[in-house]
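Text of structure_22.txt, listed as compact mmCIF, C-alpha atoms and all ligand atoms:
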# COMPACT_ATOMS: atom_id res chain seq x y z
CA MET A 32 -0.45 -23.49 -10.61
CA LYS A 33 0.00 -21.97 -7.16
CA LYS A 34 -3.03 -20.76 -5.23
CA ILE A 35 -3.49 -16.98 -5.46
CA ILE A 36 -4.74 -15.28 -2.31
CA ILE A 37 -7.41 -12.62 -2.91
CA SER A 38 -7.56 -9.81 -0.34
CA PRO A 39 -10.32 -7.32 -1.25
CA SER A 40 -9.72 -3.80 0.07
CA ILE A 41 -12.73 -2.50 1.98
CA LEU A 42 -11.57 1.07 1.30
CA SER A 43 -14.03 1.02 -1.63
CA ALA A 44 -16.80 -0.73 0.31
CA ASP A 45 -19.89 0.95 1.80
CA PHE A 46 -18.61 2.46 5.08
CA SER A 47 -22.16 2.65 6.41
CA ASP A 48 -22.51 -1.13 6.13
CA LEU A 49 -19.06 -2.73 6.13
CA SER A 50 -20.29 -6.01 7.59
CA LYS A 51 -22.66 -6.45 4.63
CA ASP A 52 -19.83 -5.90 2.12
CA ILE A 53 -17.54 -8.25 4.06
CA ALA A 54 -20.27 -10.90 3.85
CA VAL A 55 -20.45 -10.31 0.07
CA ILE A 56 -16.72 -10.91 -0.45
CA GLU A 57 -16.68 -13.86 1.93
CA ASP A 58 -19.53 -15.46 -0.02
CA ALA A 59 -17.61 -14.79 -3.25
CA GLY A 60 -14.61 -16.74 -1.96
CA ALA A 61 -12.25 -14.00 -0.73
CA ASP A 62 -9.32 -15.31 1.31
CA TRP A 63 -8.42 -12.24 3.41
CA VAL A 64 -9.87 -8.79 4.14
CA HIS A 65 -7.49 -5.91 3.31
CA ILE A 66 -7.92 -3.00 5.73
CA ASP A 67 -6.27 0.30 4.74
CA VAL A 68 -5.26 2.42 7.73
CA MET A 69 -4.30 6.02 6.87
CA ASP A 70 -3.32 8.79 9.30
CA GLY A 71 -3.54 11.99 7.22
CA HIS A 72 0.24 12.39 7.68
CA PHE A 73 2.04 9.52 5.97
CA VAL A 74 -0.61 9.80 3.23
CA PRO A 75 -3.08 12.64 2.53
CA ASN A 76 -6.17 10.70 3.65
CA ILE A 77 -7.71 9.42 6.91
CA THR A 78 -9.55 6.10 7.12
CA ILE A 79 -10.02 3.35 9.67
CA GLY A 80 -8.79 3.03 13.29
CA PRO A 81 -8.55 0.07 15.68
CA ALA A 82 -12.12 0.53 17.03
CA VAL A 83 -13.57 -0.24 13.60
CA VAL A 84 -11.27 -3.25 13.18
CA LYS A 85 -12.38 -4.55 16.59
CA SER A 86 -16.06 -4.25 15.64
CA LEU A 87 -15.49 -5.93 12.27
CA ARG A 88 -13.63 -8.79 13.97
CA LYS A 89 -16.98 -10.02 15.31
CA THR A 90 -18.49 -10.25 11.83
CA THR A 91 -16.15 -12.72 10.09
CA LYS A 92 -13.46 -15.35 10.60
CA MET A 93 -11.54 -14.27 7.47
CA PRO A 94 -7.96 -13.17 8.22
CA PHE A 95 -7.51 -9.41 8.57
CA ASP A 96 -4.70 -8.06 6.39
CA VAL A 97 -4.01 -4.64 7.93
CA HIS A 98 -2.04 -2.17 5.79
CA LEU A 99 -0.68 0.63 7.95
CA MET A 100 -0.05 3.80 5.92
CA ILE A 101 0.96 5.75 9.00
CA SER A 102 4.04 7.67 10.16
CA GLU A 103 4.56 5.97 13.53
CA PRO A 104 3.67 2.29 13.09
CA GLU A 105 5.65 1.36 16.23
CA LYS A 106 3.22 3.47 18.27
CA TYR A 107 -0.05 2.03 16.94
CA TRP A 108 0.51 -1.51 15.64
CA ARG A 109 -0.35 -3.18 18.96
CA GLU A 110 -3.83 -1.59 19.01
CA PHE A 111 -4.50 -3.22 15.65
CA GLN A 112 -3.09 -6.55 16.83
CA LYS A 113 -5.38 -6.43 19.90
CA ALA A 114 -8.30 -5.48 17.66
CA GLY A 115 -7.86 -8.72 15.70
CA ALA A 116 -5.33 -8.19 12.90
CA ASP A 117 -3.78 -11.43 11.58
CA LEU A 118 -1.14 -9.69 9.48
CA ILE A 119 0.24 -6.19 9.98
CA THR A 120 2.10 -4.51 7.15
CA PHE A 121 3.88 -1.20 7.73
CA HIS A 122 5.76 1.00 5.30
CA SER A 123 9.49 0.83 4.69
CA GLU A 124 9.46 4.65 4.28
CA ALA A 125 8.15 5.21 7.85
CA LYS A 126 11.03 6.25 10.09
CA THR A 127 11.26 3.38 12.55
CA ASP A 128 13.52 0.48 13.56
CA LYS A 129 12.17 -1.95 10.96
CA LYS A 130 13.86 -5.11 12.16
CA LYS A 131 12.65 -4.50 15.73
CA LEU A 132 9.12 -3.77 14.59
CA ILE A 133 9.00 -6.97 12.52
CA GLU A 134 10.26 -8.94 15.54
CA ASP A 135 7.74 -7.31 17.89
CA ILE A 136 4.81 -7.98 15.56
CA LYS A 137 5.83 -11.62 15.09
CA ALA A 138 6.43 -12.10 18.82
CA SER A 139 2.79 -11.07 19.38
CA GLY A 140 1.74 -14.17 17.43
CA ILE A 141 0.68 -12.64 14.13
CA LYS A 142 2.38 -12.16 10.74
CA ALA A 143 4.51 -9.18 9.73
CA GLY A 144 4.82 -7.49 6.35
CA ILE A 145 6.57 -4.46 4.92
CA SER A 146 5.36 -2.30 2.06
CA ILE A 147 7.33 -0.31 -0.50
CA LYS A 148 5.99 2.75 -2.31
CA PRO A 149 6.53 2.99 -6.10
CA ALA A 150 9.75 5.03 -5.74
CA THR A 151 11.31 2.67 -3.17
CA PRO A 152 13.62 0.01 -4.62
CA VAL A 153 13.67 -3.63 -3.50
CA SER A 154 17.25 -3.08 -2.25
CA GLU A 155 15.82 -0.98 0.63
CA ILE A 156 14.23 -4.05 2.22
CA GLU A 157 16.41 -6.88 0.87
CA ASN A 158 18.19 -7.43 4.21
CA LEU A 159 14.81 -7.86 5.95
CA LEU A 160 13.51 -10.62 3.65
CA PRO A 161 14.63 -13.50 5.90
CA TYR A 162 12.40 -12.17 8.73
CA LEU A 163 9.32 -11.11 6.77
CA ASP A 164 6.12 -13.06 6.13
CA LEU A 165 5.12 -10.72 3.29
CA VAL A 166 6.27 -7.82 1.11
CA LEU A 167 3.59 -5.51 -0.25
CA VAL A 168 4.53 -3.86 -3.54
CA MET A 169 2.47 -0.70 -4.09
CA THR A 170 1.38 -0.41 -7.72
CA VAL A 171 -0.11 3.10 -7.14
CA GLU A 172 0.93 5.93 -4.83
CA PRO A 173 -0.68 5.04 -1.48
CA GLY A 174 -3.58 7.17 -0.26
CA PHE A 175 -6.62 6.52 -2.41
CA GLY A 176 -8.53 3.71 -4.09
CA GLY A 177 -9.47 3.71 -7.76
CA GLN A 178 -6.12 4.81 -9.23
CA ALA A 179 -4.51 3.40 -12.40
CA PHE A 180 -2.08 0.46 -12.10
CA MET A 181 1.59 1.36 -12.68
CA GLU A 182 2.90 -1.15 -15.26
CA ASN A 183 6.47 -0.14 -14.48
CA MET A 184 6.19 -1.86 -11.09
CA LEU A 185 6.10 -5.32 -12.74
CA PRO A 186 9.94 -5.67 -12.88
CA LYS A 187 10.06 -4.96 -9.14
CA ILE A 188 7.72 -7.91 -8.50
CA SER A 189 9.93 -10.20 -10.64
CA GLU A 190 13.09 -8.97 -8.89
CA LEU A 191 11.57 -9.69 -5.50
CA GLY A 192 10.29 -13.09 -6.67
CA LYS A 193 13.78 -14.14 -7.82
CA LEU A 194 15.35 -13.07 -4.52
CA ILE A 195 12.75 -14.99 -2.50
CA ASP A 196 12.99 -18.13 -4.69
CA ASN A 197 16.80 -18.18 -4.91
CA ASN A 198 17.18 -17.84 -1.15
CA LYS A 199 14.15 -20.02 -0.30
CA TYR A 200 12.70 -17.30 1.91
CA ASN A 201 9.25 -17.96 3.34
CA CYS A 202 7.80 -14.63 2.21
CA LEU A 203 4.70 -13.85 0.14
CA ILE A 204 4.51 -11.05 -2.44
CA GLU A 205 1.36 -8.93 -2.27
CA VAL A 206 0.40 -6.25 -4.80
CA ASP A 207 -1.91 -3.32 -4.11
CA GLY A 208 -3.30 -0.60 -6.38
CA GLY A 209 -5.27 -0.67 -9.63
CA ILE A 210 -5.70 -4.47 -9.62
CA ASN A 211 -8.32 -5.91 -11.97
CA ALA A 212 -8.53 -9.16 -13.96
CA GLN A 213 -5.91 -7.98 -16.50
CA THR A 214 -3.41 -6.24 -14.21
CA GLY A 215 -3.85 -8.99 -11.59
CA MET A 216 -2.85 -11.63 -14.14
CA LYS A 217 0.26 -9.65 -15.08
CA CYS A 218 1.26 -9.46 -11.41
CA VAL A 219 0.71 -13.19 -10.91
CA GLU A 220 2.86 -13.89 -13.99
CA ALA A 221 5.56 -11.64 -12.49
CA GLY A 222 5.44 -13.62 -9.21
CA ALA A 223 2.72 -12.13 -6.98
CA ASP A 224 1.02 -14.42 -4.43
CA VAL A 225 -1.60 -12.03 -2.99
CA LEU A 226 -3.83 -9.64 -4.95
CA VAL A 227 -5.44 -6.67 -3.20
CA SER A 228 -8.35 -5.15 -5.11
CA GLY A 229 -10.79 -2.46 -4.03
CA ASN A 230 -12.48 -0.35 -6.65
CA TYR A 231 -12.61 -3.14 -9.26
CA ILE A 232 -14.59 -5.40 -6.89
CA PHE A 233 -16.80 -2.94 -5.02
CA SER A 234 -17.76 -0.68 -7.93
CA ALA A 235 -18.69 -3.68 -10.10
CA ALA A 236 -22.35 -4.37 -10.87
CA ASN A 237 -21.62 -7.90 -9.64
CA PRO A 238 -18.83 -7.88 -7.02
CA LYS A 239 -18.91 -11.67 -6.78
CA GLU A 240 -18.15 -12.07 -10.50
CA ALA A 241 -15.46 -9.36 -10.33
CA LEU A 242 -13.75 -11.14 -7.45
CA LYS A 243 -13.93 -14.49 -9.21
CA SER A 244 -12.38 -12.98 -12.36
CA LEU A 245 -9.22 -12.26 -10.35
CA CYS A 246 -8.62 -15.94 -9.70
CA LYS A 247 -8.61 -17.00 -13.37
C1 LIG A 301 -4.23 2.58 -1.59
C2 LIG A 301 -4.61 1.38 -0.76
C3 LIG A 301 -5.21 0.28 -1.55
C4 LIG A 301 -6.45 0.63 -2.28
C5 LIG A 301 -6.56 -0.27 -3.45
O1 LIG A 301 -3.46 3.44 -0.85
O2 LIG A 301 -3.49 0.85 -0.10
O3 LIG A 301 -5.39 -0.89 -0.77
O4 LIG A 301 -7.61 0.52 -1.51
O5 LIG A 301 -7.66 0.10 -4.14
P1 LIG A 301 -7.86 -0.08 -5.71
O6 LIG A 301 -7.93 -1.53 -5.98
O7 LIG A 301 -9.12 0.64 -5.92
O8 LIG A 301 -6.66 0.57 -6.39
ZN ZN A 302 -3.73 -1.20 0.85
As structure tokens, please, write out the structure in this file.
Amino acid sequence: MKKIIISPSILSADFSDLSKDIAVIEDAGADWVHIDVMDGHFVPNITIGPAVVKSLRKTTKMPFDVHLMISEPEKYWREFQKAGADLITFHSEAKTDKKKLIEDIKASGIKAGISIKPATPVSEIENLLPYLDLVLVMTVEPGFGGQAFMENMLPKISELGKLIDNNKYNCLIEVDGGINAQTGMKCVEAGADVLVSGNYIFSAANPKEALKSLCK
């Protein structure tokens, strides 16, 4: 079986002690750290900026998986790259030159991903698949942690998986929103490579056990 990458979302961690919670997930065997950046415009919530990412960079060597839920990714991505992001994912629905942004991000030496909201079909990003390192399929409406997984997103994951396999593209499929041991398994069966999980891990009595349950 292929190795599944676990990328816990620190959106549900303790914001007064993020380095402690990052140490907890690192000890539990997390592969990446998922950092949700929201601007109060693209989504109705405001979270983390590049200064926080820069500070966190000193606390761990785990790759930073930065999910930009912002309206002008072309304006801000470089600040996140300089702050230590290893992968920057922006939204397909943001009005920007997507191909150029992917090329710029990759030219800076890090990986580039694109994310699609639940209402956005795979066809919107199909022509970009040859250039992408990752596609992030949202399985909730972006904006908040702790929402219920949308089962009707599973066919989208399979559709994307077939396109990637048939064309031998070098592109991972990440899923984000409402992921727990059960929904995570369904996504992996549908073709997901990377599981993001926030509330399930950080609200658990034992975050280490919760994280480990995602890998089974
Ligand atoms: C939602 C964010 C997610 C969120 C996932 O807009 O992109 O990364 O933190 O959290 P859970 O796992 O709680 O749905
Ligand atoms: Zn996210």
Please, which residues have at least one atom within 8 Å of an atom of ligand LIG 301 (chain A), using all atoms listed in the file, listed as a compact mmCIF listing (two decimals) with C-alpha atoms, in the frame of the given file?
# COMPACT_ATOMS: atom_id res chain seq x y z
CA PRO A 39 -10.32 -7.32 -1.25
CA SER A 40 -9.72 -3.80 0.07
CA ILE A 41 -12.73 -2.50 1.98
CA LEU A 42 -11.57 1.07 1.30
CA SER A 43 -14.03 1.02 -1.63
CA HIS A 65 -7.49 -5.91 3.31
CA ILE A 66 -7.92 -3.00 5.73
CA ASP A 67 -6.27 0.30 4.74
CA HIS A 98 -2.04 -2.17 5.79
CA MET A 100 -0.05 3.80 5.92
CA MET A 169 2.47 -0.70 -4.09
CA VAL A 171 -0.11 3.10 -7.14
CA GLU A 172 0.93 5.93 -4.83
CA PRO A 173 -0.68 5.04 -1.48
CA GLY A 174 -3.58 7.17 -0.26
CA PHE A 175 -6.62 6.52 -2.41
CA GLY A 176 -8.53 3.71 -4.09
CA GLY A 177 -9.47 3.71 -7.76
CA GLN A 178 -6.12 4.81 -9.23
CA ALA A 179 -4.51 3.40 -12.40
CA PHE A 180 -2.08 0.46 -12.10
CA ASP A 207 -1.91 -3.32 -4.11
CA GLY A 208 -3.30 -0.60 -6.38
CA GLY A 209 -5.27 -0.67 -9.63
CA ILE A 210 -5.70 -4.47 -9.62
CA ASN A 211 -8.32 -5.91 -11.97
CA VAL A 227 -5.44 -6.67 -3.20
CA SER A 228 -8.35 -5.15 -5.11
CA GLY A 229 -10.79 -2.46 -4.03
CA ASN A 230 -12.48 -0.35 -6.65
CA TYR A 231 -12.61 -3.14 -9.26
CA ILE A 232 -14.59 -5.40 -6.89
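In this comparison, which uses only C-alpha atoms, the residue of A:Pro161, A:Glu182, A:Val225, A:Thr151 approaching Asn197 of chain A most closely is A:Pro161.
Using all atoms listed in the file for every distance, the candidate list A:Ala125, A:Met184, A:Leu159, A:Val68 yields A:Val68 as the residue closest to Phe111 of chain A.
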Worksheet entry | Straight-line distance linking atom CA of Ser154 of chain A with atom CA of Lys34 of chain A, stated in Å to one decimal |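 Computing it gives 27.1 Å between the two atoms.
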Worksheet item: For ligand ZN 302 (chain A), which residue out of A:Met32, A:Ala54, A:Ile119, A:Val84 is the nearest one, using all atoms listed in the file?
Response: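 Among the listed residues, the smallest separation from ligand ZN 302 (chain A) belongs to A:Ile119.
When atom CA of Val74 of chain A is paired with atom CA of Arg88 of chain A, their separation reads 25.1 Å.
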Discussion item. List as a ChimeraX atom specification the protein and nucleic acid residues near Lys33 of chain A, meaning an atom at most 12 Å away when only C-alpha atoms are counted, but skip any in the same chain fewer than 6 places from it.
Written reply: /A:203,219-220,222-225,246-247
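Separating atom CA of Ile133 of chain A from atom CA of Pro81 of chain A is a distance of 19.2 Å.
Using all atoms listed in the file, the shortest contact distance between ligand ZN 302 (chain A) and any of A:Asp117, A:Asp52, A:Asp164, A:Asp96 is found at A:Asp96.
Each of A:Ser146, A:Ser139, A:Ser50, A:Thr91 was checked against ligand ZN 302 (chain A) using only C-alpha atoms and all ligand atoms; the smallest atom-to-atom distance is that of A:Ser146.
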